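Here is start_20.pdb, consisting of PDB, C-alpha atoms and all ligand atoms:
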```pdb
ATOM      1  CA  MET E 242      99.415  65.875  52.051
ATOM      2  CA  SER E 243      98.664  63.328  54.744
ATOM      3  CA  ALA E 244      98.785  64.982  58.147
ATOM      4  CA  LEU E 245      98.496  62.321  60.833
ATOM      5  CA  GLY E 246      96.976  62.732  64.272
ATOM      6  CA  VAL E 247      95.321  60.870  67.118
ATOM      7  CA  PHE E 248      91.584  61.230  67.743
ATOM      8  CA  SER E 249      88.754  59.681  69.712
ATOM      9  CA  ILE E 250      84.986  59.861  69.528
ATOM     10  CA  GLY E 251      83.079  60.178  72.797
ATOM     11  CA  ASP E 252      84.458  57.686  75.298
ATOM     12  CA  GLY E 253      85.884  55.523  72.504
ATOM     13  CA  PRO E 254      89.514  54.463  72.138
ATOM     14  CA  ARG E 255      92.227  56.643  70.634
ATOM     15  CA  ARG E 256      92.852  55.984  66.943
ATOM     16  CA  VAL E 257      95.263  57.299  64.332
ATOM     17  CA  GLY E 258      93.617  59.434  61.674
ATOM     18  CA  VAL E 259      94.446  61.412  58.565
ATOM     19  CA  LYS E 260      93.178  64.952  58.112
ATOM     20  CA  VAL E 261      91.097  65.341  54.963
ATOM     21  CA  GLY E 262      89.668  68.855  54.861
ATOM     22  CA  LYS E 263      87.005  69.039  57.558
ATOM     23  CA  GLU E 264      86.963  65.285  58.054
ATOM     24  CA  VAL E 265      89.135  62.677  59.744
ATOM     25  CA  ALA E 266      89.851  59.444  57.887
ATOM     26  CA  GLU E 267      90.557  56.443  60.101
ATOM     27  CA  ALA E 268      94.029  55.164  59.226
ATOM     28  CA  GLY E 269      94.505  52.375  61.771
ATOM     29  CA  MET E 270      93.647  49.607  59.290
ATOM     30  CA  VAL E 271      96.273  50.726  56.747
ATOM     31  CA  SER E 272      99.276  49.482  58.738
ATOM     32  CA  THR E 273      99.974  47.732  62.038
ATOM     33  CA  LEU E 274     102.284  50.686  62.757
ATOM     34  CA  LEU E 275      99.186  52.908  62.939
ATOM     35  CA  GLU E 276      97.346  50.708  65.425
ATOM     36  CA  GLY E 277      97.434  51.398  69.127
ATOM     37  CA  GLY E 278      96.145  54.958  69.151
ATOM     38  CA  SER E 279      99.517  56.725  68.906
ATOM     39  CA  LEU E 280     102.143  57.604  66.318
ATOM     40  CA  SER E 281     104.854  56.121  68.561
ATOM     41  CA  GLN E 282     105.209  52.817  66.693
ATOM     42  CA  LEU E 283     105.445  54.602  63.374
ATOM     43  CA  LEU E 284     108.052  57.053  64.695
ATOM     44  CA  GLU E 285     110.099  54.159  66.097
ATOM     45  CA  ALA E 286     110.028  52.326  62.761
ATOM     46  CA  GLY E 287     112.182  54.918  60.978
ATOM     47  CA  PRO E 288     112.294  56.679  57.615
ATOM     48  CA  ASP E 289     111.945  53.682  55.280
ATOM     49  CA  ALA E 290     108.763  52.630  57.051
ATOM     50  CA  TRP E 291     107.521  56.243  57.096
ATOM     51  CA  GLY E 292     107.740  56.440  53.297
ATOM     52  CA  GLU E 293     105.976  53.118  52.830
ATOM     53  CA  VAL E 294     103.175  53.803  55.347
ATOM     54  CA  LEU E 295     102.511  57.326  54.024
ATOM     55  CA  ALA E 296     102.310  55.980  50.464
ATOM     56  CA  ASN E 297      99.897  53.269  51.617
ATOM     57  CA  VAL E 298      97.781  55.849  53.450
ATOM     58  CA  ASP E 299      97.569  57.990  50.306
ATOM     59  CA  ARG E 300      96.561  54.974  48.226
ATOM     60  CA  ALA E 301      93.923  53.796  50.687
ATOM     61  CA  LEU E 302      92.565  57.261  51.469
ATOM     62  CA  PRO E 303      89.534  57.253  49.123
ATOM     63  CA  ASP E 304      88.235  54.080  50.783
ATOM     64  CA  LEU E 305      88.929  54.900  54.441
ATOM     65  CA  PRO E 306      85.910  55.578  56.699
ATOM     66  CA  ARG E 307      85.574  59.247  57.642
ATOM     67  CA  VAL E 308      84.081  61.256  60.478
ATOM     68  CA  PRO E 309      83.433  65.003  60.595
ATOM     69  CA  MET E 310      86.146  66.916  62.484
ATOM     70  CA  THR E 311      83.420  68.399  64.705
ATOM     71  CA  GLU E 312      82.686  64.932  66.152
ATOM     72  CA  VAL E 313      86.213  64.056  67.271
ATOM     73  CA  THR E 314      88.450  64.960  70.182
ATOM     74  CA  MET E 315      92.117  65.338  69.243
ATOM     75  CA  HIS E 316      94.970  64.163  71.496
ATOM     76  CA  LEU E 317      98.750  64.470  71.570
ATOM     77  CA  PRO E 318     100.084  62.510  68.561
ATOM     78  CA  CYS E 319     102.322  60.429  70.859
ATOM     79  CA  PRO E 320     103.817  60.617  74.328
ATOM     80  CA  ILE E 321     106.465  63.337  73.949
ATOM     81  CA  GLY E 322     109.948  62.153  74.899
ATOM     82  CA  ASP E 323     112.557  64.829  75.446
ATOM     83  CA  TYR E 324     111.678  68.403  74.565
ATOM     84  CA  VAL E 325     114.202  70.969  73.345
ATOM     85  CA  ASP E 326     113.476  74.571  72.453
ATOM     86  CA  PHE E 327     115.931  76.515  70.309
ATOM     87  CA  TYR E 328     116.414  80.274  69.839
ATOM     88  CA  SER E 329     116.987  80.285  66.094
ATOM     89  CA  SER E 330     115.482  83.548  64.791
ATOM     90  CA  LEU E 331     118.160  86.213  64.501
ATOM     91  CA  TYR E 332     115.481  88.921  64.583
ATOM     92  CA  HIS E 333     113.946  87.542  67.809
ATOM     93  CA  ALA E 334     117.296  86.980  69.542
ATOM     94  CA  THR E 335     118.485  90.479  68.637
ATOM     95  CA  ARG E 336     115.339  92.230  69.866
ATOM     96  CA  VAL E 337     115.163  90.191  73.089
ATOM     97  CA  GLY E 338     118.862  90.848  73.714
ATOM     98  CA  ARG E 339     118.234  94.600  73.433
ATOM     99  CA  ILE E 340     115.358  94.355  75.933
ATOM    100  CA  PHE E 341     117.109  92.188  78.559
ATOM    101  CA  ARG E 342     120.636  93.578  78.066
ATOM    102  CA  PRO E 343     120.408  97.151  76.729
ATOM    103  CA  GLU E 344     124.191  97.625  77.122
ATOM    104  CA  GLY E 345     126.538  96.012  74.602
ATOM    105  CA  ASP E 346     125.985  93.405  71.901
ATOM    106  CA  PRO E 347     122.378  92.130  71.963
ATOM    107  CA  LEU E 348     123.396  88.697  70.613
ATOM    108  CA  PRO E 349     125.063  86.206  72.984
ATOM    109  CA  SER E 350     128.651  85.651  71.814
ATOM    110  CA  SER E 351     127.942  82.040  70.771
ATOM    111  CA  TRP E 352     124.747  82.806  68.857
ATOM    112  CA  ARG E 353     126.204  82.743  65.327
ATOM    113  CA  HIS E 354     128.399  79.718  66.108
ATOM    114  CA  LEU E 355     125.731  77.235  67.224
ATOM    115  CA  PRO E 356     121.939  76.987  67.534
ATOM    116  CA  ILE E 357     121.373  77.934  71.192
ATOM    117  CA  GLY E 358     118.683  75.927  72.968
ATOM    118  CA  TYR E 359     117.518  74.603  76.331
ATOM    119  CA  HIS E 360     115.847  71.421  77.525
ATOM    120  CA  GLY E 361     112.196  72.048  78.325
ATOM    121  CA  ARG E 362     109.547  70.073  80.176
ATOM    122  CA  ALA E 363     107.995  67.318  78.028
ATOM    123  CA  GLY E 364     105.376  66.388  80.635
ATOM    124  CA  THR E 365     103.553  69.715  80.343
ATOM    125  CA  ILE E 366     103.226  69.672  76.564
ATOM    126  CA  VAL E 367      99.508  69.775  75.795
ATOM    127  CA  VAL E 368      97.431  69.561  72.648
ATOM    128  CA  ASP E 369      95.521  72.312  70.882
ATOM    129  CA  GLY E 370      92.490  73.503  72.865
ATOM    130  CA  THR E 371      93.793  72.632  76.330
ATOM    131  CA  PRO E 372      93.085  75.541  78.758
ATOM    132  CA  VAL E 373      96.225  77.237  80.095
ATOM    133  CA  LYS E 374      96.259  78.267  83.760
ATOM    134  CA  ARG E 375      98.102  81.478  84.494
ATOM    135  CA  PRO E 376     101.270  80.401  86.335
ATOM    136  CA  HIS E 377     102.326  81.711  89.738
ATOM    137  CA  GLY E 378     105.960  82.366  90.496
ATOM    138  CA  GLN E 379     108.603  84.731  91.829
ATOM    139  CA  ARG E 380     108.350  87.952  89.854
ATOM    140  CA  GLY E 381     111.186  89.549  91.788
ATOM    141  CA  PRO E 382     112.781  89.461  95.252
ATOM    142  CA  GLY E 383     110.092  88.633  97.850
ATOM    143  CA  ASP E 384     107.333  88.876  95.248
ATOM    144  CA  TYR E 385     105.373  85.658  94.607
ATOM    145  CA  GLY E 386     102.108  85.714  92.715
ATOM    146  CA  PRO E 387     100.354  85.206  89.382
ATOM    147  CA  SER E 388     102.419  86.223  86.373
ATOM    148  CA  GLN E 389     101.533  89.721  85.192
ATOM    149  CA  ARG E 390     103.429  89.316  81.918
ATOM    150  CA  LEU E 391     102.069  86.155  80.322
ATOM    151  CA  ASP E 392     103.082  85.822  76.669
ATOM    152  CA  PHE E 393     102.854  83.445  73.719
ATOM    153  CA  GLU E 394     105.715  82.396  71.436
ATOM    154  CA  LEU E 395     105.047  81.536  67.791
ATOM    155  CA  GLU E 396     107.134  78.463  66.900
ATOM    156  CA  ILE E 397     107.206  75.288  64.875
ATOM    157  CA  GLY E 398     108.642  71.982  66.052
ATOM    158  CA  PHE E 399     109.640  68.618  64.632
ATOM    159  CA  LEU E 400     109.065  65.101  65.972
ATOM    160  CA  THR E 401     111.897  62.627  65.584
ATOM    161  CA  GLY E 402     112.382  58.932  65.094
ATOM    162  CA  THR E 403     114.948  56.852  66.983
ATOM    163  CA  GLY E 404     118.529  58.076  66.726
ATOM    164  CA  PRO E 405     121.792  56.146  66.584
ATOM    165  CA  GLY E 406     123.310  54.884  69.840
ATOM    166  CA  LEU E 407     124.718  56.824  72.767
ATOM    167  CA  GLY E 408     127.951  58.523  71.767
ATOM    168  CA  GLU E 409     127.059  58.599  68.057
ATOM    169  CA  PRO E 410     126.329  62.112  66.773
ATOM    170  CA  ILE E 411     123.918  62.530  63.861
ATOM    171  CA  PRO E 412     125.771  64.023  60.856
ATOM    172  CA  VAL E 413     124.151  67.226  59.595
ATOM    173  CA  THR E 414     123.835  65.721  56.107
ATOM    174  CA  ASP E 415     121.872  62.785  57.548
ATOM    175  CA  ALA E 416     119.798  64.694  60.107
ATOM    176  CA  GLU E 417     116.589  65.105  58.148
ATOM    177  CA  ARG E 418     116.248  61.319  57.927
ATOM    178  CA  TYR E 419     115.442  61.425  61.648
ATOM    179  CA  ILE E 420     112.706  64.053  61.290
ATOM    180  CA  PHE E 421     109.218  62.643  60.744
ATOM    181  CA  GLY E 422     107.063  65.741  60.667
ATOM    182  CA  LEU E 423     106.173  69.213  61.871
ATOM    183  CA  VAL E 424     103.692  70.774  64.281
ATOM    184  CA  LEU E 425     102.945  74.304  65.466
ATOM    185  CA  VAL E 426     104.278  75.083  68.952
ATOM    186  CA  ASN E 427     103.139  77.801  71.382
ATOM    187  CA  ASP E 428     105.872  78.140  74.011
ATOM    188  CA  TRP E 429     103.816  80.040  76.611
ATOM    189  CA  SER E 430     106.163  82.283  78.592
ATOM    190  CA  ALA E 431     105.787  84.176  81.877
ATOM    191  CA  ARG E 432     108.189  87.061  81.231
ATOM    192  CA  ASP E 433     108.331  88.348  84.814
ATOM    193  CA  ILE E 434     109.170  84.887  86.207
ATOM    194  CA  GLN E 435     111.618  84.291  83.340
ATOM    195  CA  ALA E 436     113.423  87.619  83.786
ATOM    196  CA  PHE E 437     114.071  86.958  87.493
ATOM    197  CA  GLU E 438     115.210  83.342  87.151
ATOM    198  CA  TYR E 439     116.992  82.979  83.820
ATOM    199  CA  GLN E 440     120.618  83.716  84.754
ATOM    200  CA  PRO E 441     122.800  81.678  84.569
ATOM    201  CA  LEU E 442     120.992  78.462  83.551
ATOM    202  CA  GLY E 443     118.267  79.724  81.231
ATOM    203  CA  PRO E 444     114.467  79.356  81.276
ATOM    204  CA  PHE E 445     112.966  77.181  84.023
ATOM    205  CA  LEU E 446     109.565  77.853  85.643
ATOM    206  CA  GLY E 447     108.858  80.804  83.340
ATOM    207  CA  LYS E 448     108.144  78.351  80.530
ATOM    208  CA  SER E 449     107.641  74.870  82.006
ATOM    209  CA  PHE E 450     103.994  75.357  83.072
ATOM    210  CA  ALA E 451     102.551  74.613  79.596
ATOM    211  CA  THR E 452     103.537  74.287  75.935
ATOM    212  CA  THR E 453     100.790  73.773  73.347
ATOM    213  CA  ILE E 454     101.226  71.886  70.057
ATOM    214  CA  SER E 455      98.912  71.465  67.080
ATOM    215  CA  PRO E 456      97.344  67.999  66.769
ATOM    216  CA  TRP E 457      98.143  67.171  63.133
ATOM    217  CA  VAL E 458     101.714  66.156  62.307
ATOM    218  CA  VAL E 459     102.603  67.157  58.756
ATOM    219  CA  PRO E 460     105.268  64.795  57.363
ATOM    220  CA  LEU E 461     108.428  66.597  56.287
ATOM    221  CA  ALA E 462     108.276  64.517  53.103
ATOM    222  CA  ASP E 463     105.047  66.340  52.179
ATOM    223  CA  LEU E 464     106.691  69.780  52.394
ATOM    224  CA  GLU E 465     109.070  69.546  49.400
ATOM    225  CA  VAL E 466     107.488  72.594  47.726
ATOM    226  CA  GLN E 467     108.187  74.668  50.854
ATOM    227  CA  ARG E 468     111.914  73.872  50.980
ATOM    228  CA  ILE E 469     114.228  76.852  50.404
ATOM    229  CA  GLU E 470     117.900  77.753  50.609
ATOM    230  CA  PRO E 471     118.994  78.554  54.181
ATOM    231  CA  PRO E 472     119.937  82.143  55.101
ATOM    232  CA  VAL E 473     123.540  83.211  54.576
ATOM    233  CA  GLN E 474     125.448  82.255  57.732
ATOM    234  CA  GLU E 475     128.401  84.449  58.681
ATOM    235  CA  PRO E 476     130.811  83.275  59.988
ATOM    236  CA  THR E 477     130.505  79.886  58.293
ATOM    237  CA  PRO E 478     129.634  77.342  61.003
ATOM    238  CA  LEU E 479     132.079  74.536  61.831
ATOM    239  CA  PRO E 480     132.235  71.464  59.551
ATOM    240  CA  HIS E 481     129.846  69.371  61.683
ATOM    241  CA  LEU E 482     127.166  72.034  61.079
ATOM    242  CA  THR E 483     127.738  72.435  57.342
ATOM    243  CA  PRO E 484     126.291  72.278  54.793
ATOM    244  CA  ALA E 485     123.326  73.923  56.492
ATOM    245  CA  GLY E 486     120.743  71.930  54.545
ATOM    246  CA  ARG E 487     117.461  73.523  53.540
ATOM    247  CA  GLY E 488     115.121  75.987  55.174
ATOM    248  CA  LEU E 489     111.340  76.166  55.045
ATOM    249  CA  ASP E 490     108.910  78.705  53.622
ATOM    250  CA  ILE E 491     105.770  78.306  55.724
ATOM    251  CA  ALA E 492     103.518  81.277  56.450
ATOM    252  CA  LEU E 493     102.324  81.573  60.060
ATOM    253  CA  GLU E 494     100.031  83.909  61.940
ATOM    254  CA  VAL E 495      98.812  84.531  65.465
ATOM    255  CA  LEU E 496      95.321  85.597  66.472
ATOM    256  CA  VAL E 497      94.447  86.961  69.905
ATOM    257  CA  ASN E 498      90.674  86.953  70.457
ATOM    258  CA  ASP E 499      90.079  86.484  66.709
ATOM    259  CA  THR E 500      92.252  89.445  65.687
ATOM    260  CA  VAL E 501      95.450  88.789  63.730
ATOM    261  CA  VAL E 502      98.277  90.318  65.781
ATOM    262  CA  THR E 503     101.244  89.123  63.720
ATOM    263  CA  ARG E 504     102.211  87.363  60.482
ATOM    264  CA  SER E 505     105.542  85.580  60.264
ATOM    265  CA  ASN E 506     107.296  82.891  58.228
ATOM    266  CA  THR E 507     109.651  79.998  58.984
ATOM    267  CA  SER E 508     112.023  81.461  56.371
ATOM    268  CA  PHE E 509     113.061  83.971  59.089
ATOM    269  CA  LEU E 510     114.916  81.186  60.951
ATOM    270  CA  TYR E 511     118.717  81.428  60.770
ATOM    271  CA  TRP E 512     119.540  77.840  61.803
ATOM    272  CA  THR E 513     118.035  74.901  59.892
ATOM    273  CA  MET E 514     116.392  71.843  61.423
ATOM    274  CA  ALA E 515     119.313  69.712  60.221
ATOM    275  CA  GLN E 516     121.759  71.984  62.057
ATOM    276  CA  GLN E 517     119.600  71.980  65.204
ATOM    277  CA  LEU E 518     119.510  68.182  65.307
ATOM    278  CA  ALA E 519     123.196  67.786  64.400
ATOM    279  CA  HIS E 520     124.127  70.260  67.139
ATOM    280  CA  ALA E 521     121.846  68.631  69.738
ATOM    281  CA  THR E 522     123.538  65.252  69.180
ATOM    282  CA  SER E 523     127.065  66.543  68.478
ATOM    283  CA  ASN E 524     128.115  65.598  72.028
ATOM    284  CA  GLY E 525     126.846  62.041  71.589
ATOM    285  CA  ALA E 526     123.446  62.564  73.225
ATOM    286  CA  THR E 527     120.790  60.228  71.821
ATOM    287  CA  ILE E 528     117.338  61.043  70.530
ATOM    288  CA  ARG E 529     114.307  58.826  70.944
ATOM    289  CA  ALA E 530     111.152  58.363  68.900
ATOM    290  CA  GLY E 531     108.734  61.133  69.878
ATOM    291  CA  ASP E 532     111.297  63.725  70.928
ATOM    292  CA  LEU E 533     110.175  67.277  70.120
ATOM    293  CA  PHE E 534     112.570  69.981  68.910
ATOM    294  CA  ALA E 535     111.035  73.461  68.674
ATOM    295  CA  SER E 536     112.455  76.307  66.600
ATOM    296  CA  GLY E 537     112.363  79.169  69.062
ATOM    297  CA  THR E 538     110.195  82.223  68.531
ATOM    298  CA  ILE E 539     109.847  82.950  64.826
ATOM    299  CA  SER E 540     110.100  86.701  64.400
ATOM    300  CA  GLY E 541     110.796  88.580  61.193
ATOM    301  CA  PRO E 542     112.524  91.883  60.487
ATOM    302  CA  THR E 543     109.434  94.122  60.578
ATOM    303  CA  ASP E 544     107.090  95.344  63.309
ATOM    304  CA  ASP E 545     104.202  93.304  61.878
ATOM    305  CA  SER E 546     106.138  90.003  61.991
ATOM    306  CA  LEU E 547     106.986  89.759  65.707
ATOM    307  CA  GLY E 548     106.570  86.285  67.216
ATOM    308  CA  CYS E 549     105.748  87.279  70.810
ATOM    309  CA  MET E 550     104.279  90.141  72.849
ATOM    310  CA  LEU E 551     107.609  90.823  74.601
ATOM    311  CA  GLU E 552     108.943  92.175  71.303
ATOM    312  CA  MET E 553     105.732  94.130  70.619
ATOM    313  CA  GLY E 554     106.339  96.183  73.746
ATOM    314  CA  GLY E 555     102.690  96.594  74.711
ATOM    315  CA  SER E 556     100.320  94.635  76.910
ATOM    316  CA  TYR E 557     100.360  90.957  77.896
ATOM    317  CA  LEU E 558      97.670  88.272  77.975
ATOM    318  CA  GLU E 559      94.588  88.728  80.163
ATOM    319  CA  ASP E 560      92.477  85.966  81.710
ATOM    320  CA  GLY E 561      89.981  84.785  79.108
ATOM    321  CA  ASP E 562      92.191  85.683  76.150
ATOM    322  CA  GLU E 563      92.372  83.077  73.410
ATOM    323  CA  VAL E 564      95.626  82.718  71.449
ATOM    324  CA  VAL E 565      95.548  80.818  68.149
ATOM    325  CA  LEU E 566      98.645  80.004  66.080
ATOM    326  CA  ARG E 567      97.546  79.300  62.530
ATOM    327  CA  SER E 568      99.092  78.102  59.297
ATOM    328  CA  GLU E 569      97.446  76.954  56.098
ATOM    329  CA  LEU E 570      99.948  74.091  55.924
ATOM    330  CA  LEU E 571     100.332  73.098  59.578
ATOM    331  CA  GLY E 572      96.840  73.729  60.937
ATOM    332  CA  SER E 573      96.135  75.536  64.184
ATOM    333  CA  CYS E 574      96.977  75.508  67.854
ATOM    334  CA  ALA E 575      94.757  77.301  70.379
ATOM    335  CA  GLY E 576      94.711  77.976  74.102
ATOM    336  CA  VAL E 577      92.556  80.103  76.433
ATOM    337  CA  ILE E 578      94.084  81.671  79.541
ATOM    338  CA  SER E 579      92.268  81.058  82.817
TER     339      SER E 579
HETATM  340 MN    MN Y   1     110.544  79.474  72.970
END
```

Could you express the structure from this file as structure tokens?
Amino acid sequence: MSALGVFSIGDGPRRVGVKVGKEVAEAGMVSTLLEGGSLSQLLEAGPDAWGEVLANVDRALPDLPRVPMTEVTMHLPCPIGDYVDFYSSLYHATRVGRIFRPEGDPLPSSWRHLPIGYHGRAGTIVVDGTPVKRPHGQRGPGDYGPSQRLDFELEIGFLTGTGPGLGEPIPVTDAERYIFGLVLVNDWSARDIQAFEYQPLGPFLGKSFATTISPWVVPLADLEVQRIEPPVQEPTPLPHLTPAGRGLDIALEVLVNDTVVTRSNTSFLYWTMAQQLAHATSNGATIRAGDLFASGTISGPTDDSLGCMLEMGGSYLEDGDEVVLRSELLGSCAGVIS
């Protein structure tokens, strides 16, 4: 496992490192693609280079200089290009549908036909540990003020390499070749602002104020053991979204002020990453190196596997609360509300 990230020490320059337990190994000297204090060059180089560089990192690892994790500051792994957030947990979409639209079918009519998503705000994606300011917004007609219903969303996301040209969709069977690695994603959500604004164009200011990601990017190639069959999809999606490809079995949890409030798993996702990427480019839209595609809130079937407070039906986040998304495989992603 060679999770890659970007760190600095004191006022020093940003450098690419590999996570080794509670230490960071400096990886910049392994390849010119890891110089420059960002994963951008590596992401641009594509899957053949990824395999070669990761193998070289593994080989060189015993000899690389290391620093304790406590001495480094972590940064975003690269400038994030375009950011998309999906809505791919059937359990989450069903519960949220019941809350927002108590009458009729809780699932939007297109939900089982394509992975619904929206384009988010890349410029407000921040790294683990960045404080999150409670957003202000319109909570209803004539009612502007600080959000009273500030929530987290437990998600994962993948960072991509460079896609084919404009007008060239990525085939679903080829899609994983464009996925470098995974991070945890907390899609902070102001439910009162979101509820007032979301029709008909979807989330806007209710989510764009901040999105936190974990600092260590775990290469998809290192997650072979976690790959599983996708859920049964009924009706069968159209040919450009089949075969579905493989799912992931990664355990996740959320802590609020050091107390575990939920345990979930990426196996609860209905749509696979390959389908998400194939769908997102099926109209000919391009992807660039460093684009981030997030899963949507990962909720399971039971009351102890809910991926956000909206579904829990109780209180929301208070000033001073710390939310930590945690996964043995993907690391952690924290933020304190102020
Ligand atoms: Mn979300």

Suppose you want the space between CA of Val265 (chain E) and CA of Arg307 (chain E); what is it in Å?
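So the two atoms, CA of Val265 (chain E) and CA of Arg307 (chain E), lie 5.4 Å apart.
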
Neighbours of ligand MN 1 (chain Y) within 10 Å, counting all atoms listed in the file, as a PyMOL selection string?
chain E and resi 325-329+358-359+361+393-397+426-430+444+448+452+535-539+548-549

When you count all atoms listed in the file, which of these residues is closest to Gly246 (chain E): E:Leu558, E:Cys319, E:Leu305, E:Leu391?
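Residue with the minimum atom-to-atom distance to Gly246 (chain E): E:Cys319.
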
Place a sphere of radius 10 Å on (121.4, 75.2, 54.9) in the file coordinates and name every protein, DNA or RNA residue with an atom inside or on its surface, counting only C-alpha atoms; give the answer as a PyMOL selection string.
chain E and resi 413-414+469-474+482-488+511-516

Extending 3 Å beyond the listed atoms of region 289-302 of chain E on each side, what axis-aligned box results? I want centre and edge lengths in Å to one decimal, as AutoDock Vina command-line options.
```
--center_x 102.3 --center_y 55.3 --center_z 52.7 --size_x 25.4 --size_y 11.4 --size_z 14.9
```

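CA of Arg353 (chain E) sits 14.3 Å away from CA of His481 (chain E).
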
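Closest approach to Ala334 (chain E) among E:Glu552, E:Asp299, E:Glu563, E:Asp252: E:Glu552, based on all atoms listed in the file.
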
Between E:Gly555, E:Pro372, E:Pro476, E:Gly572, single out the one closest to Val502 (chain E), counting all atoms listed in the file.
E:Gly555

Run the PyMOL selection byres (((chain E and resi 260) around 10) and not hetatm) on the file and write out the hits as a PyMOL selection string.
chain E and resi 242-246+258-259+261-268+307+310+457-459+572

Within 6 Å of Ala451 (chain E) using all atoms listed in the file, minus same-chain residues under 2 positions, as a PyMOL selection string:
chain E and resi 365-366+449

Name every residue that the PyMOL selection byres (((chain E and resi 532) around 6) and not hetatm) selects in this structure, writing the answer as a ChimeraX atom specification with chains first and numbers rising.
/E:321-324,400-401,529-531,533

Return the single residue from E:Gly345, E:Gly287, E:Pro480, E:Gly383 that is closest to Pro405 (chain E), with distances computed using only C-alpha atoms.
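For Pro405 (chain E), the nearest of the candidates is E:Gly287.
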
Can you work out which one of E:Ser330, E:Ser279, E:Ser388, E:Ser505 has the shortest atom-to-atom distance to Asp545 (chain E), counting all atoms listed in the file?
E:Ser505

For a quick check of your reading of the model, name the residues lying within 10 Å of the coordinate (128.0, 84.6, 81.4), counting all atoms listed in the file, and write them as an NGL selection string.
:E and (349-350 or 440-442)

Dump as a PDB file, keeping the file's coordinate frame, selection limited to C-alpha atoms:
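The result, stored in out34.pdb:
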```
ATOM      1  CA  PRO E 349     125.063  86.206  72.984  1.00  0.00           C
ATOM      2  CA  SER E 350     128.651  85.651  71.814  1.00  0.00           C
ATOM      3  CA  GLN E 440     120.618  83.716  84.754  1.00  0.00           C
ATOM      4  CA  PRO E 441     122.800  81.678  84.569  1.00  0.00           C
ATOM      5  CA  LEU E 442     120.992  78.462  83.551  1.00  0.00           C
TER       6      LEU E 442
END
```

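CA of Gly402 (chain E) sits 4.7 Å away from CA of Leu284 (chain E).
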
Just say which residues the PyMOL selection byres (((chain E and resi 404) around 10) and not hetatm) picks in this file, as a VMD selection string.
chain E and resid 285 287 401 to 403 405 to 407 409 to 411 416 418 to 420 522 526 to 530

Expected file contents, prior selection, C-alpha atoms, as a PDB file, in the coordinates of the input:
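Okay, part39.pdb is ready:
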```pdb
ATOM      1  CA  GLU E 285     110.099  54.159  66.097  1.00  0.00           C
ATOM      2  CA  GLY E 287     112.182  54.918  60.978  1.00  0.00           C
ATOM      3  CA  THR E 401     111.897  62.627  65.584  1.00  0.00           C
ATOM      4  CA  GLY E 402     112.382  58.932  65.094  1.00  0.00           C
ATOM      5  CA  THR E 403     114.948  56.852  66.983  1.00  0.00           C
ATOM      6  CA  PRO E 405     121.792  56.146  66.584  1.00  0.00           C
ATOM      7  CA  GLY E 406     123.310  54.884  69.840  1.00  0.00           C
ATOM      8  CA  LEU E 407     124.718  56.824  72.767  1.00  0.00           C
ATOM      9  CA  GLU E 409     127.059  58.599  68.057  1.00  0.00           C
ATOM     10  CA  PRO E 410     126.329  62.112  66.773  1.00  0.00           C
ATOM     11  CA  ILE E 411     123.918  62.530  63.861  1.00  0.00           C
ATOM     12  CA  ALA E 416     119.798  64.694  60.107  1.00  0.00           C
ATOM     13  CA  ARG E 418     116.248  61.319  57.927  1.00  0.00           C
ATOM     14  CA  TYR E 419     115.442  61.425  61.648  1.00  0.00           C
ATOM     15  CA  ILE E 420     112.706  64.053  61.290  1.00  0.00           C
ATOM     16  CA  THR E 522     123.538  65.252  69.180  1.00  0.00           C
ATOM     17  CA  ALA E 526     123.446  62.564  73.225  1.00  0.00           C
ATOM     18  CA  THR E 527     120.790  60.228  71.821  1.00  0.00           C
ATOM     19  CA  ILE E 528     117.338  61.043  70.530  1.00  0.00           C
ATOM     20  CA  ARG E 529     114.307  58.826  70.944  1.00  0.00           C
ATOM     21  CA  ALA E 530     111.152  58.363  68.900  1.00  0.00           C
TER      22      ALA E 530
END
```

Best match for closeness to Thr453 (chain E) among E:Leu570, E:Leu425, E:Val294, E:Leu518, counting only C-alpha atoms:
E:Leu425

When you look at Glu569 (chain E) with a cut-off of 10 Å (counting all atoms listed in the file), what residues show up, excluding the ones that are within fewer than 2 positions of it in the same chain? I need them as a list in words.
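After dropping sequence-adjacent residues, the list is Ile491, Ala492, Leu493, Glu494, Arg567, Leu571, Gly572 and Ser573 of chain E.
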
Find the residues near Phe445 (chain E): any atom within 9 Å, counting only C-alpha atoms, skip ones fewer than 4 places away on the same chain, and give them as a list of chain:residue names.
E:Gly361, E:Arg362, E:Ile434, E:Gln435, E:Glu438, E:Tyr439, E:Ser449

Just want the 9 Å neighbourhood of His316 (chain E), counted on only C-alpha atoms, with same-chain residues fewer than 5 positions away dropped. Output as a PyMOL selection string.
chain E and resi 246-249+255+367-369+456
